[in-house]
Structures are given as structure tokens and as C-alpha cells.
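See below for input09.cif, which holds mmCIF, C-alpha atoms.
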data_input
loop_
_atom_site.label_atom_id
_atom_site.label_comp_id
_atom_site.auth_asym_id
_atom_site.auth_seq_id
_atom_site.Cartn_x
_atom_site.Cartn_y
_atom_site.Cartn_z
CA MET A 1 3.49 -34.37 28.41
CA HIS A 2 3.98 -31.01 30.11
CA ALA A 3 1.37 -31.98 32.74
CA CYS A 4 3.38 -35.03 33.84
CA LEU A 5 6.75 -33.70 34.94
CA PRO A 6 9.07 -35.80 37.09
CA LEU A 7 9.31 -34.06 40.44
CA PRO A 8 12.74 -33.89 42.13
CA LYS A 9 13.01 -35.91 45.35
CA ALA A 10 13.68 -32.75 47.34
CA VAL A 11 10.41 -31.21 46.12
CA ILE A 12 8.43 -34.36 47.00
CA ALA A 13 10.07 -34.48 50.43
CA LYS A 14 9.16 -30.83 51.09
CA ILE A 15 5.53 -31.30 50.03
CA ASP A 16 5.26 -34.45 52.15
CA SER A 17 6.73 -32.56 55.10
CA LEU A 18 4.13 -29.77 54.78
CA CYS A 19 1.27 -32.27 54.44
CA ARG A 20 2.53 -34.35 57.37
CA THR A 21 2.86 -31.26 59.58
CA PHE A 22 -0.66 -30.09 58.67
CA VAL A 23 -2.20 -33.52 59.41
CA TRP A 24 -0.71 -33.67 62.92
CA THR A 25 -0.83 -30.00 63.93
CA GLY A 26 -3.38 -28.26 61.70
CA LYS A 27 -0.64 -25.84 60.66
CA ILE A 28 2.24 -25.79 58.19
CA ASP A 29 4.79 -23.98 60.33
CA ALA A 30 4.61 -26.09 63.50
CA SER A 31 6.64 -29.13 64.43
CA ARG A 32 5.45 -32.31 66.09
CA LYS A 33 6.52 -35.93 66.03
CA SER A 34 4.14 -38.05 63.95
CA PRO A 35 2.51 -40.84 65.99
CA VAL A 36 1.89 -42.85 62.80
CA ALA A 37 4.41 -43.11 59.96
CA TRP A 38 3.57 -41.09 56.84
CA ASN A 39 3.79 -44.16 54.62
CA THR A 40 1.10 -45.75 56.80
CA VAL A 41 -1.09 -42.63 56.57
CA CYS A 42 -0.86 -42.90 52.77
CA ARG A 43 -2.12 -46.47 52.68
CA PRO A 44 -5.75 -47.25 51.78
CA LYS A 45 -8.18 -47.55 54.68
CA SER A 46 -8.32 -51.30 54.18
CA GLN A 47 -4.60 -51.44 54.99
CA GLY A 48 -4.88 -49.21 58.05
CA GLY A 49 -4.19 -45.88 56.36
CA GLN A 50 -6.13 -42.70 55.72
CA GLY A 51 -6.15 -42.95 51.94
CA VAL A 52 -3.89 -39.92 51.44
CA ILE A 53 -2.19 -39.98 48.04
CA HIS A 54 1.47 -40.99 48.24
CA LEU A 55 3.03 -38.24 46.14
CA ALA A 56 6.16 -40.13 45.08
CA THR A 57 4.12 -43.10 43.88
CA TRP A 58 1.60 -40.86 42.12
CA ASN A 59 4.39 -39.03 40.31
CA VAL A 60 5.76 -42.37 39.11
CA ILE A 61 2.31 -43.22 37.75
CA THR A 62 2.16 -39.97 35.79
CA MET A 63 5.46 -40.97 34.21
CA VAL A 64 4.04 -44.39 33.37
CA LYS A 65 1.12 -42.61 31.73
CA CYS A 66 3.57 -40.70 29.53
CA LEU A 67 5.11 -44.03 28.57
CA TRP A 68 1.66 -45.41 27.78
CA ASN A 69 0.88 -42.36 25.65
CA LEU A 70 4.07 -42.96 23.69
CA SER A 71 2.95 -46.53 23.09
CA LYS A 72 -0.69 -45.86 22.18
CA LYS A 73 -1.42 -42.26 21.20
CA THR A 74 0.50 -42.21 17.93
CA ASP A 75 -1.83 -39.55 16.52
CA ASN A 76 -0.71 -36.89 19.04
CA LEU A 77 1.71 -34.30 17.75
CA TRP A 78 4.17 -34.55 20.66
CA VAL A 79 4.12 -38.36 20.45
CA LYS A 80 4.94 -38.20 16.73
CA TRP A 81 7.77 -35.78 17.50
CA VAL A 82 9.26 -38.12 20.13
CA HIS A 83 9.03 -41.09 17.79
CA VAL A 84 10.76 -39.18 14.97
CA TYR A 85 13.54 -37.50 16.95
CA TYR A 86 14.14 -39.91 19.87
CA LEU A 87 12.75 -43.38 19.19
CA LYS A 88 13.51 -43.41 15.45
CA GLY A 89 11.20 -46.34 14.69
CA ASN A 90 12.18 -48.43 17.74
CA ASN A 91 9.71 -49.94 20.18
CA VAL A 92 9.07 -47.72 23.20
CA MET A 93 9.85 -50.48 25.69
CA THR A 94 13.16 -51.55 24.10
CA ALA A 95 14.48 -48.39 22.45
CA PRO A 96 17.95 -47.24 23.56
CA VAL A 97 18.25 -43.84 25.25
CA SER A 98 21.10 -41.64 24.01
CA ASN A 99 22.89 -39.06 26.09
CA SER A 100 21.55 -36.32 23.82
CA CYS A 101 17.95 -36.92 24.97
CA SER A 102 16.33 -34.42 27.31
CA TRP A 103 16.36 -35.17 31.05
CA ILE A 104 12.56 -35.46 31.08
CA PHE A 105 12.59 -38.06 28.33
CA LYS A 106 15.32 -39.99 30.15
CA ARG A 107 13.24 -40.04 33.33
CA ILE A 108 10.19 -41.28 31.39
CA MET A 109 12.21 -44.07 29.80
CA ASP A 110 13.68 -45.02 33.20
CA ILE A 111 10.13 -45.80 34.31
CA ARG A 112 10.17 -48.84 32.03
CA SER A 113 11.63 -50.79 34.96
CA ILE A 114 8.46 -50.00 36.95
CA VAL A 115 6.29 -51.35 34.15
CA LEU A 116 7.96 -54.74 34.54
CA GLN A 117 6.59 -54.88 38.12
CA VAL A 118 3.01 -54.38 36.90
CA GLN A 119 3.26 -56.13 33.56
CA VAL A 120 -0.16 -57.79 33.78
CA VAL A 121 -1.95 -54.49 34.48
CA TRP A 122 0.14 -52.75 31.81
CA ASN A 123 -0.79 -55.32 29.16
CA ARG A 124 -4.45 -55.07 30.12
CA MET A 125 -4.44 -51.29 29.72
CA LEU A 126 -2.67 -51.54 26.38
CA ALA A 127 -5.34 -53.95 25.16
CA SER A 128 -8.22 -51.79 26.41
CA ASN A 129 -6.80 -48.55 24.98
CA ARG A 130 -7.50 -46.88 28.33
CA PHE A 131 -4.99 -45.88 30.99
CA ASN A 132 -6.36 -46.15 34.54
CA MET A 133 -4.19 -44.32 37.08
CA THR A 134 -6.26 -45.52 40.05
CA VAL A 135 -5.87 -49.19 39.16
CA LEU A 136 -2.12 -48.78 38.70
CA TYR A 137 -1.82 -46.89 42.01
CA LYS A 138 -3.54 -49.73 43.85
CA GLU A 139 -1.31 -52.25 42.11
CA LEU A 140 1.87 -50.45 43.14
CA ASN A 141 0.59 -50.19 46.72
CA GLY A 142 -0.44 -53.84 46.92
CA GLY A 143 1.21 -56.58 48.94
CA ILE A 144 0.22 -55.15 52.34
CA ASP A 145 -2.19 -57.14 54.51
CA LYS A 146 -5.59 -55.67 55.31
CA VAL A 147 -6.16 -54.75 58.95
CA ASP A 148 -8.83 -56.57 60.94
CA TRP A 149 -10.51 -53.34 62.05
CA ARG A 150 -10.85 -51.76 58.58
CA TYR A 151 -14.67 -52.02 58.54
CA LEU A 152 -14.85 -49.67 61.51
CA PHE A 153 -13.94 -46.78 59.19
CA TYR A 154 -16.11 -47.69 56.20
CA GLN A 155 -19.17 -45.40 55.98
CA ASN A 156 -18.72 -44.32 59.56
CA LYS A 157 -20.95 -41.32 60.34
CA ALA A 158 -19.05 -40.26 63.47
CA ARG A 159 -17.28 -36.91 63.63
CA PRO A 160 -14.08 -36.80 61.53
CA ARG A 161 -11.98 -35.92 64.58
CA ALA A 162 -13.50 -38.85 66.48
CA GLN A 163 -12.66 -41.16 63.59
CA PHE A 164 -9.10 -39.85 63.48
CA ILE A 165 -8.53 -40.43 67.20
CA ALA A 166 -10.10 -43.90 66.94
CA TRP A 167 -7.77 -44.65 64.02
CA ILE A 168 -4.72 -43.72 66.11
CA ILE A 169 -6.01 -45.86 68.98
CA CYS A 170 -6.49 -48.84 66.66
CA HIS A 171 -2.85 -48.47 65.64
CA GLY A 172 -1.85 -48.48 69.30
CA LYS A 173 -0.12 -45.11 68.91
CA GLN A 174 -2.10 -43.07 71.43
CA ALA A 175 0.08 -41.43 74.07
CA THR A 176 -1.05 -43.61 76.97
CA LYS A 177 1.17 -43.60 80.05
CA ASP A 178 2.66 -47.04 79.47
CA ARG A 179 4.03 -45.85 76.12
CA MET A 180 5.28 -42.60 77.65
CA VAL A 181 7.19 -44.61 80.25
CA ARG A 182 8.76 -46.74 77.51
CA PHE A 183 9.98 -43.55 75.83
CA ASN A 184 11.32 -42.25 79.20
CA LEU A 185 8.89 -39.34 79.16
CA LEU A 186 7.24 -40.44 82.43
CA THR A 187 8.45 -42.41 85.41
CA GLU A 188 5.16 -44.07 86.37
CA ALA A 189 2.08 -45.20 84.44
CA ASN A 190 -0.70 -45.36 87.03
CA CYS A 191 -4.18 -44.74 85.66
CA ASP A 192 -5.50 -41.37 86.93
CA LEU A 193 -9.10 -42.55 86.62
CA CYS A 194 -9.03 -45.61 88.88
CA ARG A 195 -5.56 -45.44 90.49
CA ASN A 196 -5.43 -49.24 90.51
CA SER A 197 -3.71 -50.27 87.28
CA GLU A 198 -1.18 -49.20 84.68
CA GLU A 199 -2.67 -46.96 82.03
CA SER A 200 -2.46 -48.84 78.74
CA ARG A 201 -4.74 -49.00 75.73
CA SER A 202 -6.25 -52.26 76.94
CA HIS A 203 -6.87 -50.81 80.41
CA LEU A 204 -8.17 -47.42 79.32
CA TYR A 205 -10.52 -49.02 76.74
CA PHE A 206 -12.38 -50.75 78.49
CA GLU A 207 -10.89 -52.34 81.62
CA CYS A 208 -10.89 -49.17 83.69
CA PRO A 209 -14.11 -49.49 85.76
CA SER A 210 -15.34 -45.93 85.23
CA ASN A 211 -14.73 -45.93 81.47
CA SER A 212 -16.22 -49.40 81.17
CA GLU A 213 -19.36 -48.18 82.94
CA ILE A 214 -19.73 -45.26 80.51
CA TRP A 215 -19.48 -47.58 77.51
CA LYS A 216 -21.91 -50.02 79.12
CA GLN A 217 -24.51 -47.26 79.56
CA VAL A 218 -24.10 -46.20 75.92
CA LEU A 219 -24.62 -49.82 74.86
CA GLN A 220 -27.73 -50.07 77.02
CA TRP A 221 -29.13 -46.97 75.30
CA LEU A 222 -28.44 -48.69 71.97
CA GLN A 223 -30.29 -51.75 73.35
CA TYR A 224 -27.25 -54.03 73.52
CA ASP A 225 -26.94 -56.42 76.46
CA HIS A 226 -23.17 -56.73 76.50
CA GLN A 227 -20.49 -56.67 79.17
CA PRO A 228 -17.46 -54.66 77.98
CA LEU A 229 -14.31 -56.70 77.35
CA PRO A 230 -10.61 -55.75 77.24
CA TRP A 231 -9.51 -53.96 74.08
CA GLN A 232 -8.88 -56.88 71.71
CA GLY A 233 -12.00 -58.75 72.80
CA GLU A 234 -14.18 -55.65 72.54
CA LEU A 235 -12.79 -54.76 69.12
CA GLN A 236 -13.48 -58.29 67.89
CA TRP A 237 -17.04 -58.10 69.21
CA ILE A 238 -17.56 -54.74 67.52
CA MET A 239 -16.32 -56.12 64.18
CA GLN A 240 -18.78 -58.99 64.42
CA GLU A 241 -21.72 -56.72 65.27
CA ILE A 242 -21.10 -54.02 62.65
CA ALA A 243 -20.83 -56.69 59.96
CA ARG A 244 -24.62 -56.95 60.22
CA LYS A 245 -26.85 -54.79 58.07
CA GLY A 246 -29.23 -52.19 59.38
CA SER A 247 -29.34 -48.92 61.27
CA LYS A 248 -28.54 -50.52 64.62
CA ALA A 249 -25.16 -51.73 63.37
CA LYS A 250 -24.41 -48.32 61.84
CA LEU A 251 -25.25 -46.62 65.12
CA LEU A 252 -23.03 -49.05 67.02
CA LYS A 253 -20.10 -48.25 64.70
CA MET A 254 -20.67 -44.54 65.27
CA ALA A 255 -21.12 -45.01 69.02
CA PHE A 256 -17.91 -47.01 69.41
CA THR A 257 -15.92 -44.35 67.54
CA GLU A 258 -17.46 -41.46 69.47
CA THR A 259 -16.94 -43.30 72.78
CA LEU A 260 -13.23 -43.84 72.12
CA TYR A 261 -12.87 -40.14 71.38
CA VAL A 262 -14.85 -38.97 74.41
CA LEU A 263 -13.07 -41.36 76.78
CA TRP A 264 -9.75 -39.98 75.59
CA ILE A 265 -11.04 -36.43 76.19
CA ARG A 266 -12.19 -37.52 79.65
CA ARG A 267 -8.78 -38.96 80.47
CA ASN A 268 -7.09 -35.70 79.41
CA ASN A 269 -9.53 -33.57 81.41
CA VAL A 270 -8.77 -35.57 84.55
CA ILE A 271 -5.00 -35.39 84.06
CA PHE A 272 -4.56 -31.83 82.83
CA ASN A 273 -7.63 -29.98 84.12
CA GLN A 274 -8.41 -32.03 87.24
CA SER A 275 -12.00 -32.05 86.01
CA ASN A 276 -14.43 -34.97 85.82
CA SER A 277 -17.80 -33.29 86.27
CA ILE A 278 -19.10 -33.70 82.70
CA ASP A 279 -21.87 -36.19 81.94
CA TYR A 280 -19.89 -38.14 79.36
CA VAL A 281 -22.66 -40.64 78.62
CA HIS A 282 -24.97 -37.86 77.45
CA THR A 283 -22.09 -36.22 75.60
CA ILE A 284 -21.64 -39.38 73.55
CA ILE A 285 -25.37 -39.86 72.99
CA ASP A 286 -25.80 -36.22 71.93
CA ALA A 287 -23.01 -36.63 69.36
CA ILE A 288 -24.65 -39.79 68.02
CA VAL A 289 -28.08 -38.16 67.73
CA TYR A 290 -26.68 -35.02 66.10
CA ARG A 291 -24.63 -36.95 63.52
CA SER A 292 -27.34 -39.54 62.75
CA TRP A 293 -30.08 -36.97 62.16
CA ALA A 294 -28.74 -36.17 58.68
CA TYR A 295 -29.40 -39.74 57.46
CA ARG A 296 -33.05 -40.71 57.09
CA LYS A 297 -32.89 -44.43 57.90
CA ILE A 298 -30.54 -43.95 60.83
CA ARG A 299 -32.61 -40.99 62.01
CA GLU A 300 -35.73 -43.15 62.20
CA TYR A 301 -34.00 -45.72 64.37
CA THR A 302 -32.43 -43.02 66.55
CA ALA A 303 -35.84 -41.42 67.06
CA HIS A 304 -37.11 -44.80 68.25
CA LEU A 305 -34.32 -44.94 70.86
CA LEU A 306 -35.25 -41.48 72.12
CA LEU A 307 -38.82 -42.46 72.94
#

Can I see the file as C-alpha cells?
Amino acid sequence: MHACLPLPKAVIAKIDSLCRTFVWTGKIDASRKSPVAWNTVCRPKSQGGQGVIHLATWNVITMVKCLWNLSKKTDNLWVKWVHVYYLKGNNVMTAPVSNSCSWIFKRIMDIRSIVLQVQVVWNRMLASNRFNMTVLYKELNGGIDKVDWRYLFYQNKARPRAQFIAWIICHGKQATKDRMVRFNLLTEANCDLCRNSEESRSHLYFECPSNSEIWKQVLQWLQYDHQPLPWQGELQWIMQEIARKGSKAKLLKMAFTETLYVLWIRRNNVIFNQSNSIDYVHTIIDAIVYRSWAYRKIREYTAHLLL
């Protein structure tokens, strides 16, 4: 029981604040606006999150576990003590709670309202004599639709930072100029790469001619005969291709993720460093080769492409 204490809301808020700050800045003492809401970050990858544990929900589950222990583990000394001094022969789920009870016990008994929301799972765990915190966590976080691009981040071998940037892009939260204009942070949104269109996610990936050409060359190296499409069309094509089995599909998933990351780096270099002299195609290919070499089957296919 001592390992499952109800955390005060202020403590949970402080821990969440530190975690949120670290995710977006790499530090715990810096401040930066979060592009993606913390509740979204805490969702499973299938729902567009990063799979970070939602502390408030997890703390509720530990309280539910205490309630389950009171219902099932009648041989434990602390459970016997609670039944003798607090429950006095009453059922755990219906017993009244007196004002003389400890605050921890009151919080545990308050969790009975949560159990009603997951009654089917609760009954199943009572019958199996096994409490599964993971199953209950998923149940409490259910009801949210899965995102169409979830498979892009399953078993993706690209660099973690490339995956993170690609995840932000998929959410449409990257600081492209059209969004900056909407927030009154810029007055114009012209693309610095082609100077012909407004810089938006759809334009930057992959309508901008120079970026589209880079992606097309990467695809040619991967032996794909495909003309890059605007963002939604390209993402849909990627989802169809990576649904296939084999090393080629795994490399395409990695290549798409690395390309998004490198194209964003290229855009920033042009805007902030006035530099565009790097061979970005080879930068992407080098990252793919380096990351794929640790996996035997993918390495064999990559070696074939290098011939």
C-alpha cells in the first residue's frame, strides 16, 4: 500500500512541467512553448502520441490496484487490517467511508467511481486473480481515433531526432512561415527556397521544386519510380508502400523520415545561415546506410543498392 500513494495535483503538475520542458528543450530550467499538447504527447503512438506515461492517469491506476488488493489479497496483513478496522465486514465496493478514516484510504475508496468506467476490465481481472496495469491504462486512454500515419513510426530505424521532427510535421505543428504569419510572428510567408509560393507544410514537403528534386533522387536510389506529390498525397502513398513486407519497405520508411528531417534542416540553413552548399541527397543516403547497417536483413538490401 505504501508504494501506491495518491499524488497531490500540484506535485503531478510540477513533474509534468519538468518532463514537458525537457522534451522540448533538453533541459529542465528552460522555457519554451510546446508545439504539441502534453496530453497528445502522452497518447500511444497509434493515436499520434509518443507513448509517454500520463502521470495523473498512472497514479489513478495505482489507486485502483490498491482497491483490487483489498478485494482479492485477503491473506495480506495490511489488507486484513483494513478489513478489520475500516471495512468491518462490508464489501469493498459498497462499504461506507467514515470521516475517521485516513486520507489515503479515503482517496483509494474514491477511486471506486473510476472502476465503474472500466467495469468489464475490472471484472475480468477479478476473475483471473491478476491485476494488469497496462491493460487498465490502455482502457482509460481509449476512445481516441488512431491516426492514419501511425505505421510510419512503428519499427522505424531512422534517427530518434529525425523521427521526432517527422512526428511534429505529421501533426502539422512545425513552425513553417504560414503558421508564423497566423500567429503574427511574421508579416510574409514566402518560401526562401524557391521564392515563388507561400511556405506551408504542403509546399515545403514536397511541392517546392528543389526539395521535391532531393526526395526524387533519394527515391531513385531506393529504386522507386515515383513523382513526388503534395503532402497529403505523398503521405498516403508512403503509407501504402510501407504496408508491404520486406527490407525495401523498411528502407523507404526510414528514408521518408530522414528526408523530412534533412529538408527541415536545409530550410533552416537557408533562412538563418544563408547556406545551401551541402549535398543533401548524400546526407540522407549516408544516414540511411549508417542506420541500416546494424540490421542484417536491411543491411543486405542496402549493400545491394550501393553496388

Top pick for closest residue to Asp148 in chain A, considering A:Tyr290, A:Tyr205, A:Trp237, A:Tyr301 and counting all atoms listed in the file:
A:Trp237

For the provided coordinates, the residues matched by the PyMOL selection byres ((chain A and resi 168-175) around 8) should be stated as number ranges by chain.
A: 35-36, 48, 149, 164-167, 176-177, 179-180, 201

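Coordinates place CA of Thr257 in chain A at a distance of 6.0 Å from CA of Gln163 in chain A.
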
Kindly resolve the PyMOL selection byres ((chain A and resi 117) around 12) on the present coordinates and return the residues as JSON, numbers by chain.
{"A": [64, 111, 112, 113, 114, 115, 116, 118, 119, 120, 121, 122, 123, 136, 139, 140, 141, 142]}

Hey, can you spit out that residue selection with C-alpha atoms as an mmCIF file, in the coordinates of the input?
data_model
loop_
_atom_site.group_PDB
_atom_site.id
_atom_site.type_symbol
_atom_site.label_atom_id
_atom_site.label_comp_id
_atom_site.auth_asym_id
_atom_site.auth_seq_id
_atom_site.Cartn_x
_atom_site.Cartn_y
_atom_site.Cartn_z
ATOM 1 C CA VAL A 64 4.040 -44.390 33.370
ATOM 2 C CA ILE A 111 10.130 -45.800 34.310
ATOM 3 C CA ARG A 112 10.170 -48.840 32.030
ATOM 4 C CA SER A 113 11.630 -50.790 34.960
ATOM 5 C CA ILE A 114 8.460 -50.000 36.950
ATOM 6 C CA VAL A 115 6.290 -51.350 34.150
ATOM 7 C CA LEU A 116 7.960 -54.740 34.540
ATOM 8 C CA VAL A 118 3.010 -54.380 36.900
ATOM 9 C CA GLN A 119 3.260 -56.130 33.560
ATOM 10 C CA VAL A 120 -0.160 -57.790 33.780
ATOM 11 C CA VAL A 121 -1.950 -54.490 34.480
ATOM 12 C CA TRP A 122 0.140 -52.750 31.810
ATOM 13 C CA ASN A 123 -0.790 -55.320 29.160
ATOM 14 C CA LEU A 136 -2.120 -48.780 38.700
ATOM 15 C CA GLU A 139 -1.310 -52.250 42.110
ATOM 16 C CA LEU A 140 1.870 -50.450 43.140
ATOM 17 C CA ASN A 141 0.590 -50.190 46.720
ATOM 18 C CA GLY A 142 -0.440 -53.840 46.920
#

For Asn39 in chain A, please output as a compact mmCIF listing (two decimals) with C-alpha atoms, in the frame of the given file all residues within 12 Å (counting all atoms listed in the file; exclusion window: fewer than 2 positions along the same chain).
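Writing done, so here's result.txt:
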# COMPACT_ATOMS: atom_id res chain seq x y z
CA ASP A 16 5.26 -34.45 52.15
CA SER A 17 6.73 -32.56 55.10
CA ARG A 20 2.53 -34.35 57.37
CA SER A 34 4.14 -38.05 63.95
CA PRO A 35 2.51 -40.84 65.99
CA VAL A 36 1.89 -42.85 62.80
CA ALA A 37 4.41 -43.11 59.96
CA VAL A 41 -1.09 -42.63 56.57
CA CYS A 42 -0.86 -42.90 52.77
CA ARG A 43 -2.12 -46.47 52.68
CA PRO A 44 -5.75 -47.25 51.78
CA GLN A 47 -4.60 -51.44 54.99
CA GLY A 48 -4.88 -49.21 58.05
CA GLY A 49 -4.19 -45.88 56.36
CA GLN A 50 -6.13 -42.70 55.72
CA GLY A 51 -6.15 -42.95 51.94
CA VAL A 52 -3.89 -39.92 51.44
CA ILE A 53 -2.19 -39.98 48.04
CA HIS A 54 1.47 -40.99 48.24
CA LEU A 55 3.03 -38.24 46.14
CA ALA A 56 6.16 -40.13 45.08
CA THR A 57 4.12 -43.10 43.88
CA ASN A 141 0.59 -50.19 46.72
CA ILE A 144 0.22 -55.15 52.34

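Our summary of the geometry notes that CA of Trp68 in chain A is positioned 23.2 Å from CA of Ile12 in chain A.
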
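Proximity of A:Glu188, A:Glu258, A:Glu234, A:Glu213 to Asn156 in chain A, computed with all atoms listed in the file, is greatest for A:Glu258.
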
Under the rule that all atoms listed in the file are counted, which of A:Ala10, A:Ile271, A:Ile242, A:Leu263 is the nearest residue to Ser212 in chain A?
A:Leu263

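Note that CA of Glu241 in chain A and CA of Leu222 in chain A are 12.4 Å apart.
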
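On the file presented, the PyMOL selection byres ((chain A and resi 194) around 8) picks out Cys191, Asp192, Leu193, Arg195, Asn196, Ser197, Cys208, Pro209 and Ser210 of chain A.
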
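Distances from A:Leu87, A:Met63, A:Leu185, A:Met109 to Phe131 in chain A were compared using all atoms listed in the file, and the smallest one belongs to A:Met63.
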
With 8 Å added on each side, what axis-aligned box encloses every listed atom of range 195-198 of chain A? Give the centre and edge lengths in Å to one decimal, as JSON.
{"center_x": -3.4, "center_y": -47.9, "center_z": 87.6, "size_x": 20.4, "size_y": 20.8, "size_z": 21.8}

From the set A:Asn269, A:Tyr224, A:Lys297, A:Val281, which residue has the shortest atom-to-atom contact distance to Gly246 in chain A, counting only C-alpha atoms?
A:Lys297

Produce range 177-210 of chain A of the given structure as output with C-alpha atoms, as a PDB file, in the first residue's frame.
ATOM      1  CA  LYS A 177       6.061  30.561 -42.264  1.00  0.00           C
ATOM      2  CA  ASP A 178       2.341  30.312 -42.946  1.00  0.00           C
ATOM      3  CA  ARG A 179       1.772  29.331 -39.304  1.00  0.00           C
ATOM      4  CA  MET A 180       4.102  32.075 -38.081  1.00  0.00           C
ATOM      5  CA  VAL A 181       2.068  34.611 -40.043  1.00  0.00           C
ATOM      6  CA  ARG A 182      -1.159  33.313 -38.480  1.00  0.00           C
ATOM      7  CA  PHE A 183       0.371  33.872 -35.044  1.00  0.00           C
ATOM      8  CA  ASN A 184       1.507  37.401 -36.085  1.00  0.00           C
ATOM      9  CA  LEU A 185       5.166  36.450 -35.696  1.00  0.00           C
ATOM     10  CA  LEU A 186       5.934  37.206 -39.364  1.00  0.00           C
ATOM     11  CA  THR A 187       4.401  39.528 -41.910  1.00  0.00           C
ATOM     12  CA  GLU A 188       5.046  37.446 -45.041  1.00  0.00           C
ATOM     13  CA  ALA A 189       5.323  33.723 -45.750  1.00  0.00           C
ATOM     14  CA  ASN A 190       7.303  33.477 -48.993  1.00  0.00           C
ATOM     15  CA  CYS A 191       9.340  30.310 -49.377  1.00  0.00           C
ATOM     16  CA  ASP A 192      13.076  31.124 -49.134  1.00  0.00           C
ATOM     17  CA  LEU A 193      13.978  28.110 -51.262  1.00  0.00           C
ATOM     18  CA  CYS A 194      12.006  28.868 -54.423  1.00  0.00           C
ATOM     19  CA  ARG A 195      10.667  32.401 -53.800  1.00  0.00           C
ATOM     20  CA  ASN A 196       7.527  31.510 -55.749  1.00  0.00           C
ATOM     21  CA  SER A 197       4.995  30.274 -53.187  1.00  0.00           C
ATOM     22  CA  GLU A 198       3.887  30.570 -49.587  1.00  0.00           C
ATOM     23  CA  GLU A 199       5.873  28.338 -47.260  1.00  0.00           C
ATOM     24  CA  SER A 200       3.449  25.792 -45.833  1.00  0.00           C
ATOM     25  CA  ARG A 201       3.825  22.151 -44.892  1.00  0.00           C
ATOM     26  CA  SER A 202       2.285  21.055 -48.179  1.00  0.00           C
ATOM     27  CA  HIS A 203       4.615  23.329 -50.162  1.00  0.00           C
ATOM     28  CA  LEU A 204       7.795  22.584 -48.237  1.00  0.00           C
ATOM     29  CA  TYR A 205       7.149  18.811 -48.391  1.00  0.00           C
ATOM     30  CA  PHE A 206       7.158  18.234 -51.424  1.00  0.00           C
ATOM     31  CA  GLU A 207       5.818  20.944 -53.744  1.00  0.00           C
ATOM     32  CA  CYS A 208       8.883  23.165 -53.533  1.00  0.00           C
ATOM     33  CA  PRO A 209      10.836  22.235 -56.704  1.00  0.00           C
ATOM     34  CA  SER A 210      14.256  21.958 -55.058  1.00  0.00           C
TER      35      SER A 210
END
